[in-house]
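Step one of this worksheet: look at the structure below.
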Amino acid sequence: MSARLAVDIGGTFTDVAIERDGERWTGKVLTTPHAPELGVLEGVRVVMARAAMTPADIVLVIHGTTLATNAIIERKGAKTALLTTEGFRDVLALGNESRYDQYDLNIDLPQPLVPRRWRLTVPERLDNEGKVLLPLDEKAVADQVAFMKAEGIESLAIGFLHAFVNPAHEQRAAAIVRGLWPELNISLSSEVSPEMREWERFSTTAANAYVQPLMASYLKRLETGLRGGGFTCPLFLMLSGGGLTTLDTAARFPIRLVESGPAGGAIFSAHVAKQRGWGKVLSFDMGGTTAKVCLIDDYAPQASRSFEVARVGRFKKGSGLPLRIPVIEMVEIGAGGGSIAHCDALGRIQVGPESAGADPGPACYGRGGRHPAVTDANLSLGRYEPDLFAGGALKLHVQPALDALGRDVGKRLGLPPEMAGLGVVEMVDENMANAARVHAIESGKSYGGRAIIAFGGGGPVHGYRVAEKIGVNRMLVPSGAGVGSAIGFLRAPVGYEVVKSLYQRFRSFDVGAVNALLGAMSDEARRVVAEGAFGAPMAEHRLAFMRYVGQGHEISVVLPSRALTAEDIPVIRAAYDAEYTRFYDRPVPGSDVEILAFAVTVATVPEEVLPVADVADAPAPAALRVQQVRDTATGEVATWQVYDRPAMPPGCTVPGPCIVAEAETSTLVGPGWRCRVDGLGYLELTRGEAA
Amino acid sequence: MNALEKIQRQIQWNRLVAVVEEQAQIMIRTAFSTTVREAGDLSAGIFDLQGRMLAQAVTGTPGHVNSMMESVGHFLAKFPAASMKPGDHYITNDPWLGTGHLHDLTVVTPAFRNGAIVGLFANTAHVIDVGGLGMGPDGRSVFEEGLYIPIVKCFDQGQPNETFFDFVRMGSRTPVELEGDIYSLCACNDAGAKRLVEMMDEYGMESIDPLASYIFDASLTATLDEIRKLPKGTYRGTIKSDGYEAEVTLKAAMTIKDDEIVVDYAGTSGLSGRGINVPAAYCRAYACFGIKCVVAPEIPNNWASLAPFRMEIPEGCILNAPRPYPVSVRHVVGQLLPDLMMGCLHQAVPDRVNAEGSSALWNPPLRGGAQVSGAAAELPDFEIITFNSGGTGARPTKDGLDGTAFPSGVRTMPVEATENVAPVIFWQNQIRADSAGAGRTRGGFGKIMEIGAKGEAEFAVNAIFDRVANAPKGRDGGGDGASGWVGFTDGTTIRTKGYQVVPKGKRLLLKLPGGGGMGDAKDRDRALVERDVADGLVSPAQAKALYGA
């Protein structure tokens, strides 16, 4: 009856999806970077026409965008100043005083969003308990306002030491500035990211201030455009953490939108996992330039509170600006269809992160690309039918691909071009598998019993081999994978997460203080969610971030969503030991446990999704054709059957090795694997005992 | 070997690097000492049964890596591989069998597959406290510097060696952290061993020796190729450290040959009576790092890629300290070695080296409470160290980095985190204007730090600071970086090395050195000079004096 519409603005395409009563219409239009709302409105028009709907049919519009991220990467945000504690002018520049690459003498460090001339200090100081060591110099604040006006500052971040414990000085400084300059945008560290560690908190606050004028203006224009087009329904924004929020909240904390697209992809996977009743999956999204992996347990993508944006050093950890906001935890590496391969000084095959992009693209596009990309390597192995790639929309050329592989990889290693292609594909699969392994370690998780959900143009092609490398025996390729993020938006709950620091030790646990804090956090989150919940039931989720006293990294432990009592304390402590042991094999004797921070998430209860019932076996259709494909594990060429995905009925099974082709991608079913179409039309690949 | 096997060897090498990176990440996640978990003062690697390193984690710090590489051989000499059993873990902090001071623990763990030992995992971590005088230069022999752990088993077939742990617990000011760190080191080696066995199963490998040969051949060949590109000859350099009792001179004569680079340290100052002496392995570690950054930065560290760099270190010099000389703060001299190596290489490949930087970390170990003030103590006992850096040297085409660790690979700790674990207040921690050496490219700026105790109470610093009397030098006509300064906010200076009390009501003030500049300052892009002035990094007066702007 009621239709919902989702729009995801990506770097190249703006994706639109509409759903009503289980039926779905989708479309893609080119992104319009100068005025992104135009692309959105055009995409909406196209898909509305396709669905034969009018704006009155739509009850909710959900939107996600990379606009904030791009503004930071391209340095196109506002002229931003930072008002900070005297003596700490350079927190943004000094960072953690380290180099992200030990051996490269020529690295560039990420430049702060606020240059030093606009990093302004005022006398004030709190201690770690929030007590005032030095009162705020109010006249100094006023003097800095005069300077900012003279400099033409457009947005202000205020970040004082220990303000996450006591925001009084930040709030007073903001009031003084507002009194003198009411129209200036102001972001407070105690509101944007109220957590310990000054570099991360100030960086997040500065980034919020940096994108705020731009995002507020864009969101306003978009809203006006939609209203002008006859849409009267609410507009919600997708958050990096996987929830939805109102336009007003998004305009205040736009930094929380940075990773909304990938978050949509993860929610898409989580929903698919729930449809299948799979409690542990790995979401694997491989596109043209990057691959993203994300662990999903119990249908909830893994949450994190730290993220790096705008990495300057080839996706290297530590080369970006740190953001401390709720995000869906994922790893993104420079491994996509367009990633370029070469040999390094040691004759080792290296793949990415440089990408051939769309123009000239891989050598096989025949547009003048000279260097071999992953797509060229896949083609050289016989994985693609040159005339039928992307549903025949793009004709591929084998010879330029082989030439490029021979030139840049084969010659150096003494390998024929197609074996060079095998090397490139094995290496990119290995890189993705290694990223997935380290991600699991960093998350304290394992791959035992896990399934992969593969999407994006490359996920279904590379998925089975990555699965083999990390010891996974089951993989699913859902339908609609081309606009996965937009579909994910439609599945996201309206939700909001509040994180606050409050230091506690178990031997001196202050139940009253903790309950007061959690209660206030719960109220705050419920207020935000209520604006968009339309009376839908809400659920609350509470976490404590805990560690042994003296350790540096926390593990999250679930708390009951109610006031705690003294009886809860030993139960929580025991839950921590159990979690720790699960991650690291043995607990540490004799150590007390401390709590660093708490998180409260309030979200609307998602619609019930019942696991899909199994379907009866059905006969498989005849193969469309055969292809000669080289197996990357054995190097042997064999005849692989090719099936047409739309022609495969639910319940049919085809044995590997084979290829299941569709317009958007191809699913490779490796030797030893088999592929069955489930009741939803999803492809389920299994091997060995997982049958 | 067929084409597929050629490719698979590459995949396996790639996998080993991922395995040791996992090993390092687990250590960071489980370690207790801030030096490991916040600062990353650690290393991790995999070795063959001859004690040769195959791969090393990207995460880690150079001083550990190359010295840990030598360490595994010492473990094997005492406990031959054939005697090792599954679940065994071996440990030492012997400065001469490990990484150069008692604060570094090295743990070695055998990996077993189908009951046979197939390789060894090792790691090193800098822990907060091992008793003795504490981290500082004042010891007159290694025995004063703390608990001395010979190579022993800390776990015997999975069972903790309780006698060992009893000694450890009683020998440290921070027993819980120390014991927790040892558990962490063992856990991360176990994880590495598990992953290695998984890979061997996947590829049906009976031994890692063929893979090791391939890694060593490829690495050696590539390193030799790079060495051959350098102009042959002997190049000489000198650098000075402030020393403890007297100034220290480090001299090097680097000879680039067809198949190796040999560095002779003849003429270097003799041993110190205090803990700034450098054991030979640590000298080799930082010297190799300095050469490698310039000559072959992209070749991964392993036994073979480091083999062509040979050190001749005379007996009796400060870079070859014998037991039981004190060595606790060997970094303060050792971290100047990359600058010394680059001084030599500058004569061979001037467009590939940096000017001198602040180089030696400025880590103030702070202590307070009854250990300092006795019965009059106003504060609870505390012992803390934070890692800090001045500016790095200018680069041929880029400015140096402000307040950034080099050559060390450590990170600093947030002030808010430090103030949460100790009753200290940092009143300043920011860039020190006018401290960068001028040049066509300028040095990185140093920092200013002002530290007091809560309530302005009495506390103490174990000073380990350098480049106060010997500023980082510029190259090619670039100016020197500003030298360091150590004292109180009232202007009183204090010694750059050794335990000193900061009296009640006073605060410690540290001005960290800036990096040297490179090239003639008159050739610097005017726009960059103006930017630095607008940013308050260079004063108008200095811009005029140095750049003529």
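Note on naming: chains are A, B, ... as they come in the structure tokens, residues start from 1 per chain, ligands start from 1 in the order shown.
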With 8 Å as the limit and counting only C-alpha atoms, what residues in chain A lie close to chain B? Please list them as a PyMOL selection string. chain A and resi 86-91+94+96-99+102-106+115-117+127-128+161-162+196-199+345-349+415+419+423+426-427+430+434+438+441-442+549-553+584-585+588+590-591+634-635
With only C-alpha atoms as the counted atoms, please give the residues lying no more than 9 Å from Ala492 in chain A, apart from itself and same-chain residues fewer than 4 positions off, as JSON, numbers by chain. {"A": [238, 242, 243, 244, 264, 267, 268, 488, 606]}
Generate the output file for the selected residues, C-alpha atoms, as a PDB file, in the first residue's frame.
```pdb
ATOM      1  CA  MET A 238      21.040   7.497   6.587  1.00  0.00           C
ATOM      2  CA  GLY A 242      23.286   2.232  10.253  1.00  0.00           C
ATOM      3  CA  GLY A 243      20.311   4.126  11.637  1.00  0.00           C
ATOM      4  CA  LEU A 244      18.103   6.838  10.167  1.00  0.00           C
ATOM      5  CA  GLY A 264      23.473   0.837   3.461  1.00  0.00           C
ATOM      6  CA  ILE A 267      22.377  -3.293   6.240  1.00  0.00           C
ATOM      7  CA  PHE A 268      21.411  -4.870   2.939  1.00  0.00           C
ATOM      8  CA  GLY A 488      19.737  -1.246   2.555  1.00  0.00           C
ATOM      9  CA  PRO A 606      12.458  -3.433  12.466  1.00  0.00           C
TER      10      PRO A 606
END
```
So, with only C-alpha atoms as the atoms that count, which of A:Ala623, A:Leu476, A:Val165, A:Ile255 lies closest to Ala451 in chain A?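 Result for the nearest residue to Ala451 in chain A: A:Leu476.
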Between CA of His101 in chain B and CA of Asp41 in chain B, what distance in Å does the model show, to one decimal?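 CA of Asp41 in chain B lies at a distance of 13.1 Å from CA of His101 in chain B.
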Have a look at A:Gln275, A:Thr653, A:Ser217, A:Asn208 and name the one nearest to Glu607 in chain A; count only C-alpha atoms.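 Checking each of A:Gln275, A:Thr653, A:Ser217, A:Asn208 against Glu607 in chain A, counting only C-alpha atoms, the winner is A:Gln275.
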Two-atom distance - CA of Pro234 in chain A, CA of Ala35 in chain A (Å):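 These two atoms are separated by 21.3 Å.
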Mind giving me the straight-line distance from CA of Leu211 in chain B to CA of Leu306 in chain B in Å, one decimal? 17.7 Å
Residues flagged helix (DSSP H, G or I) by DSSP in range 74-150 of chain A, as a count of residues only: 20
Residues within 6 Å of Gly237 in chain B, only C-alpha atoms, excluding chain neighbours under 5 positions, as a ChimeraX atom specification: /B:251-252,343-344
Shortest interatomic distance to Trp303 in chain B - which of B:Met518, B:Ala24, B:Leu512, B:Ala55, counting only C-alpha atoms: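 Of B:Met518, B:Ala24, B:Leu512, B:Ala55, the one nearest Trp303 in chain B, counting only C-alpha atoms, is B:Ala55.
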Env of Phe143 in chain B: 12 Å cut, atoms = only C-alpha atoms, seq-sep filter 2 positions within chain, self excluded. Answer as a PyMOL selection string. chain B and resi 94-95+101-102+130-134+138-141+145-149+275+323-328
Write the residues of the preceding selection, restricted to N, CA and C atoms, as a tab-separated table (two decimals), in the first residue's frame.
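selection_19.tsv written:
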```tsv
chain	number	residue	atom	x	y	z
B	94	ASP	N	67.49	-9.99	28.44
B	94	ASP	CA	68.94	-9.77	28.45
B	94	ASP	C	69.30	-8.79	27.34
B	95	PRO	N	69.87	-7.62	27.69
B	95	PRO	CA	70.15	-6.61	26.66
B	95	PRO	C	71.07	-7.13	25.55
B	101	HIS	N	67.97	-3.36	26.05
B	101	HIS	CA	67.81	-2.92	27.44
B	101	HIS	C	66.78	-3.79	28.15
B	102	LEU	N	66.79	-3.70	29.48
B	102	LEU	CA	65.97	-4.63	30.27
B	102	LEU	C	64.47	-4.39	30.12
B	130	VAL	N	60.44	-2.62	34.98
B	130	VAL	CA	61.07	-3.87	35.40
B	130	VAL	C	61.88	-3.64	36.68
B	131	GLY	N	61.40	-2.70	37.52
B	131	GLY	CA	62.08	-2.47	38.78
B	131	GLY	C	63.37	-1.68	38.60
B	132	GLY	N	64.34	-1.91	39.48
B	132	GLY	CA	65.61	-1.18	39.43
B	132	GLY	C	65.39	0.31	39.61
B	133	LEU	N	66.25	1.10	38.98
B	133	LEU	CA	66.14	2.55	39.10
B	133	LEU	C	64.96	3.10	38.30
B	134	GLY	N	64.37	2.28	37.46
B	134	GLY	CA	63.33	2.76	36.56
B	134	GLY	C	63.99	3.25	35.29
B	138	ASP	N	70.63	6.65	34.92
B	138	ASP	CA	71.51	6.81	36.07
B	138	ASP	C	72.26	5.56	36.52
B	139	GLY	N	71.87	4.39	36.04
B	139	GLY	CA	72.52	3.17	36.50
B	139	GLY	C	74.00	3.17	36.17
B	140	ARG	N	74.79	2.55	37.03
B	140	ARG	CA	76.23	2.44	36.76
B	140	ARG	C	76.58	1.04	36.28
B	141	SER	N	75.62	0.15	36.31
B	141	SER	CA	75.78	-1.17	35.69
B	141	SER	C	74.38	-1.68	35.40
B	145	GLU	N	69.70	-1.55	36.79
B	145	GLU	CA	68.66	-1.09	35.86
B	145	GLU	C	67.38	-1.90	35.93
B	146	GLY	N	67.40	-2.98	36.72
B	146	GLY	CA	66.15	-3.72	36.90
B	146	GLY	C	66.32	-5.23	36.91
B	147	LEU	N	65.18	-5.87	36.87
B	147	LEU	CA	65.10	-7.33	36.87
B	147	LEU	C	65.74	-7.89	35.61
B	148	TYR	N	66.64	-8.86	35.78
B	148	TYR	CA	67.39	-9.39	34.64
B	148	TYR	C	66.91	-10.81	34.39
B	149	ILE	N	66.27	-11.00	33.25
B	149	ILE	CA	65.69	-12.32	32.94
B	149	ILE	C	66.56	-13.02	31.91
B	275	GLY	N	73.86	4.89	31.64
B	275	GLY	CA	73.08	3.99	30.78
B	275	GLY	C	72.78	4.45	29.38
B	323	ARG	N	78.51	-6.41	28.43
B	323	ARG	CA	77.92	-6.67	29.73
B	323	ARG	C	79.01	-6.49	30.76
B	324	PRO	N	78.77	-5.91	31.91
B	324	PRO	CA	77.49	-5.43	32.44
B	324	PRO	C	77.38	-3.90	32.41
B	325	TYR	N	77.87	-3.28	31.38
B	325	TYR	CA	77.72	-1.81	31.30
B	325	TYR	C	76.24	-1.43	31.31
B	326	PRO	N	75.92	-0.26	31.85
B	326	PRO	CA	74.51	0.17	31.87
B	326	PRO	C	74.06	0.59	30.47
B	327	VAL	N	72.83	0.22	30.09
B	327	VAL	CA	72.36	0.43	28.72
B	327	VAL	C	70.90	0.88	28.65
B	328	SER	N	70.32	1.24	29.78
B	328	SER	CA	68.87	1.43	29.86
B	328	SER	C	68.34	2.37	28.79
```
Skip Val47 in chain A itself and residues of its chain fewer than 6 positions away, then list as an mmCIF file with C-alpha atoms, in the first residue's frame all residues within 7 Å of it, counting only C-alpha atoms.
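Saved to selection.cif:
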```
data_model
loop_
_atom_site.group_PDB
_atom_site.id
_atom_site.type_symbol
_atom_site.label_atom_id
_atom_site.label_comp_id
_atom_site.auth_asym_id
_atom_site.auth_seq_id
_atom_site.Cartn_x
_atom_site.Cartn_y
_atom_site.Cartn_z
ATOM 1 C CA VAL A 16 17.112 5.121 -6.513
ATOM 2 C CA TRP A 25 11.659 -0.635 -8.821
ATOM 3 C CA THR A 26 15.208 0.642 -9.173
ATOM 4 C CA GLY A 27 17.220 2.999 -11.355
#
```
Tell me, as a PyMOL selection string, which residues lie within 12 Å of range 563-578 of chain A, counting only C-alpha atoms; anything in the same chain fewer than 5 positions away does not count. chain A and resi 504-520+522+542-548+554-558+583-595
